[in-house]
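The structure file run.cif is reproduced below (mmCIF, C-alpha atoms).
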data_query
loop_
_atom_site.label_atom_id
_atom_site.label_comp_id
_atom_site.auth_asym_id
_atom_site.auth_seq_id
_atom_site.Cartn_x
_atom_site.Cartn_y
_atom_site.Cartn_z
CA MET A 1 9.80 -23.74 20.45
CA LEU A 2 12.40 -21.53 18.73
CA ASN A 3 9.95 -21.27 15.84
CA GLN A 4 7.23 -19.87 18.18
CA GLY A 5 9.73 -17.58 19.89
CA PHE A 6 10.76 -15.97 16.60
CA MET A 7 7.11 -15.50 15.64
CA MET A 8 6.20 -13.89 18.98
CA LEU A 9 9.19 -11.55 18.79
CA HIS A 10 8.25 -10.53 15.22
CA VAL A 11 4.70 -9.66 16.34
CA VAL A 12 5.76 -7.91 19.58
CA LEU A 13 8.30 -5.71 17.77
CA GLY A 14 5.75 -4.89 15.05
CA VAL A 15 3.16 -3.82 17.64
CA LEU A 16 5.81 -1.84 19.55
CA GLY A 17 6.80 -0.09 16.30
CA ILE A 18 3.16 0.89 15.67
CA LEU A 19 2.71 2.15 19.26
CA LEU A 20 5.93 4.18 19.00
CA ALA A 21 4.70 5.63 15.68
CA VAL A 22 1.49 6.71 17.48
CA ALA A 23 3.63 8.28 20.24
CA LEU A 24 5.71 10.08 17.60
CA PHE A 25 2.54 11.34 15.87
CA MET A 26 1.29 12.82 19.16
CA ASP A 27 4.73 14.20 20.04
CA THR A 28 4.93 15.94 16.65
CA LEU A 29 1.39 17.33 16.98
CA ASN A 30 2.51 18.94 20.24
CA ALA A 31 6.02 19.68 18.98
CA ASN A 32 8.19 22.10 20.89
CA GLU A 33 11.85 22.61 21.51
CA GLY A 34 11.61 21.07 24.98
CA HIS A 35 10.96 17.54 23.80
CA PHE A 36 12.66 17.45 20.41
CA GLU A 37 15.35 15.13 21.79
CA ARG A 38 12.63 12.67 22.85
CA THR A 39 10.97 12.95 19.40
CA LYS A 40 14.29 12.05 17.76
CA LYS A 41 14.75 9.02 20.02
CA ILE A 42 11.20 7.79 19.33
CA SER A 43 11.70 8.08 15.55
CA LEU A 44 14.87 6.02 15.82
CA ALA A 45 13.11 3.46 18.02
CA VAL A 46 10.32 3.08 15.39
CA ALA A 47 12.95 2.34 12.73
CA VAL A 48 14.84 -0.13 14.95
CA CYS A 49 11.64 -2.00 15.93
CA MET A 50 10.43 -2.27 12.33
CA VAL A 51 13.81 -3.29 10.91
CA VAL A 52 14.37 -5.98 13.58
CA SER A 53 10.74 -7.17 13.19
CA PHE A 54 11.34 -7.38 9.42
CA LEU A 55 14.58 -9.36 9.85
CA ILE A 56 13.09 -11.81 12.37
CA GLY A 57 9.81 -12.14 10.43
CA GLY A 58 11.76 -12.62 7.19
CA TYR A 59 13.95 -15.32 8.72
CA TRP A 60 10.89 -17.08 10.13
CA TYR A 61 9.06 -16.81 6.79
CA VAL A 62 11.93 -18.29 4.79
CA VAL A 63 12.93 -21.01 7.30
CA TYR A 64 9.72 -22.09 9.09
CA TYR A 65 6.66 -20.85 7.20
CA GLY A 66 6.57 -23.55 4.50
CA HIS A 67 5.03 -26.08 6.90
CA ASP A 68 2.32 -23.63 8.07
CA ARG A 69 1.61 -22.61 4.47
CA ASP A 70 0.85 -26.23 3.54
CA ILE A 71 -1.52 -26.53 6.51
CA ILE A 72 -3.31 -23.28 5.59
CA LYS A 73 -3.65 -24.21 1.90
CA ALA A 74 -5.11 -27.62 2.76
CA GLY A 75 -7.53 -26.11 5.30
CA GLN A 76 -10.76 -24.12 5.21
CA TRP A 77 -9.11 -20.71 4.78
CA PRO A 78 -6.54 -21.19 1.96
CA TRP A 79 -6.96 -17.51 1.11
CA ALA A 80 -5.34 -16.68 4.47
CA HIS A 81 -2.09 -17.56 2.70
CA ASN A 82 -3.06 -16.97 -0.95
CA TYR A 83 -4.23 -13.44 -0.27
CA PHE A 84 -3.33 -12.12 3.17
CA MET A 85 0.20 -13.54 3.45
CA GLU A 86 1.05 -12.57 -0.12
CA VAL A 87 -0.19 -9.00 0.44
CA LYS A 88 1.39 -8.75 3.91
CA GLU A 89 4.83 -9.89 2.83
CA HIS A 90 4.97 -7.25 0.09
CA LEU A 91 3.33 -4.39 2.03
CA PHE A 92 5.94 -4.88 4.77
CA PHE A 93 8.56 -3.50 2.37
CA LEU A 94 6.64 -0.19 2.36
CA ILE A 95 6.56 -0.11 6.18
CA LEU A 96 10.28 -0.88 6.21
CA ILE A 97 11.36 1.99 3.96
CA LEU A 98 8.90 4.43 5.58
CA SER A 99 10.35 3.49 9.00
CA ILE A 100 13.94 3.93 7.81
CA TYR A 101 13.00 7.31 6.31
CA LEU A 102 11.30 8.50 9.53
CA PRO A 103 14.45 9.25 11.60
CA ILE A 104 16.07 10.89 8.53
CA ALA A 105 13.07 13.25 8.33
CA VAL A 106 13.02 13.91 12.10
CA TYR A 107 16.77 14.32 12.73
CA ARG A 108 17.32 16.54 9.71
CA ASN A 109 14.23 18.76 10.08
CA VAL A 110 13.30 20.47 13.30
CA PRO A 111 9.55 19.73 13.19
CA PHE A 112 8.39 22.62 15.35
CA THR A 113 9.87 25.36 13.16
CA ASP A 114 7.70 24.90 10.08
CA LYS A 115 4.18 23.51 9.59
CA LYS A 116 5.10 21.81 6.30
CA LYS A 117 8.06 19.99 7.87
CA ARG A 118 5.85 18.95 10.79
CA ASN A 119 3.20 17.64 8.38
CA LEU A 120 5.83 15.49 6.66
CA ILE A 121 6.59 13.68 9.92
CA LEU A 122 2.88 13.41 10.78
CA GLY A 123 2.15 11.93 7.35
CA ILE A 124 4.96 9.36 7.48
CA SER A 125 3.93 8.31 11.01
CA ALA A 126 0.28 7.97 9.93
CA LEU A 127 1.25 5.76 6.96
CA ILE A 128 3.34 3.50 9.23
CA ILE A 129 0.43 3.23 11.71
CA LEU A 130 -2.16 2.39 9.02
CA LEU A 131 0.00 -0.11 7.13
CA GLY A 132 1.15 -1.58 10.45
CA LEU A 133 -2.41 -2.13 11.63
CA PHE A 134 -3.26 -3.86 8.34
CA THR A 135 -0.27 -6.20 8.59
CA GLU A 136 -1.10 -7.01 12.23
CA GLY A 137 -4.68 -7.86 11.18
CA ALA A 138 -3.41 -9.94 8.26
CA GLY A 139 -1.06 -11.77 10.65
CA GLY A 140 -4.06 -12.63 12.84
CA ILE A 141 -5.97 -14.01 9.83
CA ILE A 142 -2.95 -16.10 8.75
CA SER A 143 -2.65 -17.50 12.27
CA LYS A 144 -6.38 -18.36 12.23
CA GLY A 145 -5.83 -20.04 8.85
CA VAL A 146 -3.33 -22.40 10.50
CA THR A 147 -5.80 -23.11 13.35
CA PHE A 148 -8.62 -23.95 10.91
CA GLY A 149 -6.20 -26.07 8.88
CA LEU A 150 -5.23 -28.09 11.95
CA MET A 151 -8.87 -28.45 13.08
CA GLY A 152 -9.80 -30.07 9.77
CA ARG A 153 -7.16 -32.81 10.13
CA MET B 1 15.70 28.94 10.10
CA SER B 2 15.51 27.98 6.41
CA LYS B 3 12.16 26.91 5.00
CA LEU B 4 14.02 24.66 2.52
CA MET B 5 14.05 20.96 3.19
CA GLU B 6 17.31 19.47 4.29
CA LYS B 7 19.03 17.72 1.34
CA TYR B 8 18.90 14.17 2.75
CA THR B 9 15.22 14.54 3.71
CA ALA B 10 14.46 15.63 0.15
CA GLY B 11 16.72 13.03 -1.49
CA PHE B 12 15.59 10.08 0.58
CA GLY B 13 11.97 11.32 0.32
CA LEU B 14 12.17 11.12 -3.47
CA SER B 15 13.93 7.76 -3.17
CA LEU B 16 11.05 6.55 -0.97
CA ILE B 17 8.54 7.54 -3.68
CA VAL B 18 10.47 5.75 -6.45
CA THR B 19 11.18 2.65 -4.32
CA SER B 20 7.52 2.33 -3.23
CA LEU B 21 6.42 2.25 -6.87
CA LEU B 22 9.30 -0.06 -7.80
CA ASN B 23 8.11 -2.48 -5.11
CA ALA B 24 4.79 -2.91 -6.92
CA VAL B 25 6.47 -3.12 -10.34
CA VAL B 26 8.90 -5.85 -9.19
CA LEU B 27 5.98 -7.80 -7.70
CA ILE B 28 4.02 -7.76 -10.98
CA ILE B 29 7.09 -8.68 -13.05
CA LYS B 30 8.21 -11.59 -10.85
CA GLU B 31 4.67 -12.98 -10.49
CA THR B 32 3.97 -12.86 -14.23
CA ASN B 33 7.38 -13.95 -15.50
CA ASN B 34 8.67 -17.38 -14.49
CA SER B 35 12.25 -16.73 -15.58
CA VAL B 36 12.42 -13.58 -13.41
CA MET B 37 10.90 -15.50 -10.49
CA SER B 38 13.45 -18.32 -10.96
CA ALA B 39 16.33 -15.85 -11.18
CA MET B 40 15.17 -14.13 -7.97
CA LYS B 41 14.89 -17.48 -6.21
CA ALA B 42 18.36 -18.46 -7.41
CA ALA B 43 19.95 -15.14 -6.40
CA LEU B 44 19.40 -15.30 -2.63
CA GLY B 45 17.60 -18.61 -2.13
CA HIS B 46 14.07 -17.12 -1.94
CA HIS B 47 12.31 -14.64 -4.25
CA TRP B 48 11.10 -12.60 -1.27
CA THR B 49 14.62 -12.24 0.16
CA THR B 50 15.92 -11.03 -3.21
CA HIS B 51 12.93 -8.67 -3.56
CA GLY B 52 13.60 -7.22 -0.07
CA ALA B 53 17.34 -6.83 -0.66
CA MET B 54 16.64 -5.05 -3.97
CA ILE B 55 14.20 -2.63 -2.35
CA ILE B 56 16.58 -1.74 0.50
CA ILE B 57 19.61 -1.33 -1.78
CA VAL B 58 17.68 0.79 -4.32
CA PHE B 59 16.24 2.96 -1.51
CA VAL B 60 19.66 3.65 0.00
CA VAL B 61 21.54 4.15 -3.29
CA LEU B 62 18.86 6.41 -4.83
CA GLY B 63 18.64 8.29 -1.53
CA PHE B 64 22.30 9.29 -1.72
CA VAL B 65 22.10 9.98 -5.48
CA PHE B 66 19.01 12.21 -5.14
CA SER B 67 20.52 13.99 -2.12
CA ARG B 68 23.23 15.37 -4.42
CA MET B 69 20.69 16.65 -6.97
CA LYS B 70 19.42 19.68 -5.00
CA ILE B 71 15.84 18.33 -4.92
CA GLU B 72 15.19 20.64 -1.94
CA GLU B 73 15.39 23.66 -4.27
CA LYS B 74 12.66 22.28 -6.53
CA CYS B 75 10.08 21.02 -4.04
CA ASP B 76 9.11 21.48 -0.41
CA SER B 77 8.09 19.06 2.36
CA GLN B 78 4.40 19.34 1.45
CA LYS B 79 5.00 18.27 -2.14
CA ILE B 80 7.26 15.37 -1.10
CA LEU B 81 4.64 14.23 1.44
CA LYS B 82 1.85 14.36 -1.19
CA PHE B 83 3.88 12.16 -3.55
CA ILE B 84 4.91 9.77 -0.74
CA ILE B 85 1.24 9.27 0.20
CA LEU B 86 0.26 8.88 -3.47
CA ALA B 87 3.07 6.37 -4.16
CA THR B 88 2.20 4.38 -1.03
CA ILE B 89 -1.49 4.25 -2.01
CA ILE B 90 -0.69 3.24 -5.61
CA SER B 91 1.77 0.56 -4.48
CA GLY B 92 -0.64 -0.71 -1.80
CA VAL B 93 -3.58 -0.86 -4.21
CA VAL B 94 -1.50 -2.64 -6.88
CA ILE B 95 -0.28 -5.23 -4.35
CA ALA B 96 -3.71 -5.77 -2.76
CA GLY B 97 -5.40 -5.74 -6.18
CA TYR B 98 -2.96 -8.14 -7.82
CA PHE B 99 -3.71 -10.89 -5.30
CA LEU B 100 -7.47 -10.20 -5.20
CA PRO B 101 -8.33 -13.18 -7.48
CA ASN B 102 -6.66 -15.41 -4.81
CA LEU B 103 -9.59 -14.69 -2.47
CA LYS B 104 -11.63 -17.05 -4.65
CA VAL B 105 -11.61 -20.66 -3.52
CA ALA B 106 -12.36 -23.18 -6.26
CA GLY B 107 -14.52 -20.59 -8.00
CA SER B 108 -16.89 -20.22 -5.07
CA GLY B 109 -15.60 -17.07 -3.39
CA ILE B 110 -14.60 -16.91 0.25
CA LYS B 111 -15.36 -20.21 1.99
CA TYR B 112 -16.11 -20.36 5.72
#

In structure tokens, write the structure found in this file.
Amino acid sequence: MLNQGFMMLHVVLGVLGILLAVALFMDTLNANEGHFERTKKISLAVAVCMVVSFLIGGYWYVVYYGHDRDIIKAGQWPWAHNYFMEVKEHLFFLILILSIYLPIAVYRNVPFTDKKKRNLILGISALIILLGLFTEGAGGIISKGVTFGLMGR
Amino acid sequence: MSKLMEKYTAGFGLSLIVTSLLNAVVLIIKETNNSVMSAMKAALGHHWTTHGAMIIIVFVVLGFVFSRMKIEEKCDSQKILKFIILATIISGVVIAGYFLPNLKVAGSGIKY
């Protein structure tokens, strides 16, 4: 049960991080002095969600995933682990450092004063959203790999 | 208001570029070299944990080092963004490409 709880929390925080990155993207597109404080808080929330999702997902991966990996590899979709998990676990490092960089870029650069500074925040947010969507999709495929593995038993 | 980037944004931006590329390089090295893989497993109990710790430490340390190097006087936000996107694409393609042969199942391609 704890195993499932960790997994759910990892996914929920990852999705929340992506949604907050979308909110930040929109906030920066419509940047003005009035809601800069909110923009700063959202950027920090993206970083917190992604870092906590990384820590929980990492703990789950190291402690619990071995059993699921064996099921996937013996099942009909072994590539769910061999490809999608391998790619996901390494792409997550990119999301992690992009997310940690995001509040540094927002707090230290007032995004509504200069188009180039605003574009930096838009670009970082877009990368987090795109990589995040890929890892969520890969997570779904890995989960399906376990289902197909169990069905074949 | 100055058009120059703030020093930590520039420094950590450059660190992000270097660390993104390093991520792909470490992956290739550990996957192709058994002794490196074994050393990474031995260091923190799992190669992925060691890989993650390395990436975070390098990102933070290089961020502070580059922040003292007046990067903001040499390039602007647009240039940093271009290189961040480029480094992310290169790292992503290397990672996705490296594992591409794993999509094959017993030489028959994807099996449903």

Under the rule of at most 6 Å, produce a per-residue listing of chain B near chain A: chain, number, name, the closest pair of atoms, and the distance in Å, as a Markdown table, using all atoms listed in the file.
| residue | atom | partner | partner_atom | distance |
| --- | --- | --- | --- | --- |
| B:Thr9 | CA | A:Ala105 | CA | 5.3 |
| B:Ser77 | CA | A:Lys117 | CA | 5.6 |
| B:Gln78 | CA | A:Lys116 | CA | 5.5 |
| B:Leu81 | CA | A:Leu120 | CA | 5.5 |
| B:Ala96 | CA | A:Val87 | CA | 5.8 |
| B:Phe99 | CA | A:Tyr83 | CA | 5.7 |
| B:Asn102 | CA | A:Asn82 | CA | 5.5 |
| B:Leu103 | CA | A:Trp79 | CA | 5.3 |

Expected selection from the PyMOL selection byres ((chain B and resi 14-19) around 8), given as a list in words: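 On the file shown, the PyMOL selection byres ((chain B and resi 14-19) around 8) covers Ile97, Leu98 and Tyr101 of chain A; Ala10, Gly11, Phe12, Gly13, Ser20, Leu21, Leu22, Asn23, Ile55, Val58, Phe59, Val60, Leu62, Gly63, Phe66, Ile80, Phe83, Ile84, Ala87 and Thr88 of chain B.
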
Expected file contents, prior selection, C-alpha atoms, as a compact mmCIF listing (two decimals), keeping the file's coordinate frame:
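Once written, out_5.txt looks like this:
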# COMPACT_ATOMS: atom_id res chain seq x y z
CA ILE A 97 11.36 1.99 3.96
CA LEU A 98 8.90 4.43 5.58
CA TYR A 101 13.00 7.31 6.31
CA ALA B 10 14.46 15.63 0.15
CA GLY B 11 16.72 13.03 -1.49
CA PHE B 12 15.59 10.08 0.58
CA GLY B 13 11.97 11.32 0.32
CA SER B 20 7.52 2.33 -3.23
CA LEU B 21 6.42 2.25 -6.87
CA LEU B 22 9.30 -0.06 -7.80
CA ASN B 23 8.11 -2.48 -5.11
CA ILE B 55 14.20 -2.63 -2.35
CA VAL B 58 17.68 0.79 -4.32
CA PHE B 59 16.24 2.96 -1.51
CA VAL B 60 19.66 3.65 0.00
CA LEU B 62 18.86 6.41 -4.83
CA GLY B 63 18.64 8.29 -1.53
CA PHE B 66 19.01 12.21 -5.14
CA ILE B 80 7.26 15.37 -1.10
CA PHE B 83 3.88 12.16 -3.55
CA ILE B 84 4.91 9.77 -0.74
CA ALA B 87 3.07 6.37 -4.16
CA THR B 88 2.20 4.38 -1.03

Resolved residues for the PyMOL selection byres ((chain A and resi 152) around 9) as a VMD selection string: chain A and resid 74 to 76 147 to 151 153

Selection dump of the PyMOL selection byres ((chain A and resi 24-30) around 9), as JSON, numbers by chain: {"A": [19, 20, 21, 22, 23, 31, 32, 35, 36, 38, 39, 40, 42, 43, 46, 111, 112, 118, 119, 121, 122, 123, 124, 125, 126]}

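Summary of the local environment: counting all atoms listed in the file, residues at most 9 Å from B:Leu27, other than itself and those fewer than 2 positions away along its chain, are A:His90, B:Leu22, B:Asn23, B:Ala24, B:Val25, B:Ile29, B:Lys30, B:Glu31, B:Thr32, B:His51, B:Ile95, B:Tyr98.
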
Export, as a compact mmCIF listing (two decimals), in the coordinates of the input, the selected residues with C-alpha atoms.
# COMPACT_ATOMS: atom_id res chain seq x y z
CA HIS A 90 4.97 -7.25 0.09
CA LEU B 22 9.30 -0.06 -7.80
CA ASN B 23 8.11 -2.48 -5.11
CA ALA B 24 4.79 -2.91 -6.92
CA VAL B 25 6.47 -3.12 -10.34
CA ILE B 29 7.09 -8.68 -13.05
CA LYS B 30 8.21 -11.59 -10.85
CA GLU B 31 4.67 -12.98 -10.49
CA THR B 32 3.97 -12.86 -14.23
CA HIS B 51 12.93 -8.67 -3.56
CA ILE B 95 -0.28 -5.23 -4.35
CA TYR B 98 -2.96 -8.14 -7.82

Distance of atom CA of A:Ile72 from atom CA of B:Gly92, expressed in Å to one decimal place: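 Interatomic distance here is 23.9 Å.
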
Two-atom distance - atom CA of B:Ile71, atom CA of B:Ala53 (Å):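 Result for atom CA of B:Ile71 versus atom CA of B:Ala53: 25.6 Å, one decimal.
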
Point-to-point distance from atom CA of A:His10 to atom CA of A:Arg69, Å rounded to tenths: 17.5 Å

Around stretch 44-60 of chain B, with edges along x, y and z and 5 Å added on all six sides, what centre and edge lengths do you get, in Å to one decimal, as JSON?
{"center_x": 15.4, "center_y": -7.5, "center_z": -1.9, "size_x": 18.6, "size_y": 32.3, "size_z": 14.8}

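Closest approach to B:Tyr8 from the set B:Val36, B:Val26, B:Val93, B:Met69 is made by B:Met69, with distances taken over only C-alpha atoms.
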
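Of the residues listed (B:Val61, B:Leu44, B:Ile89, B:Cys75), B:Cys75 shows the shortest atom-to-atom separation from B:Met5; distances use only C-alpha atoms.
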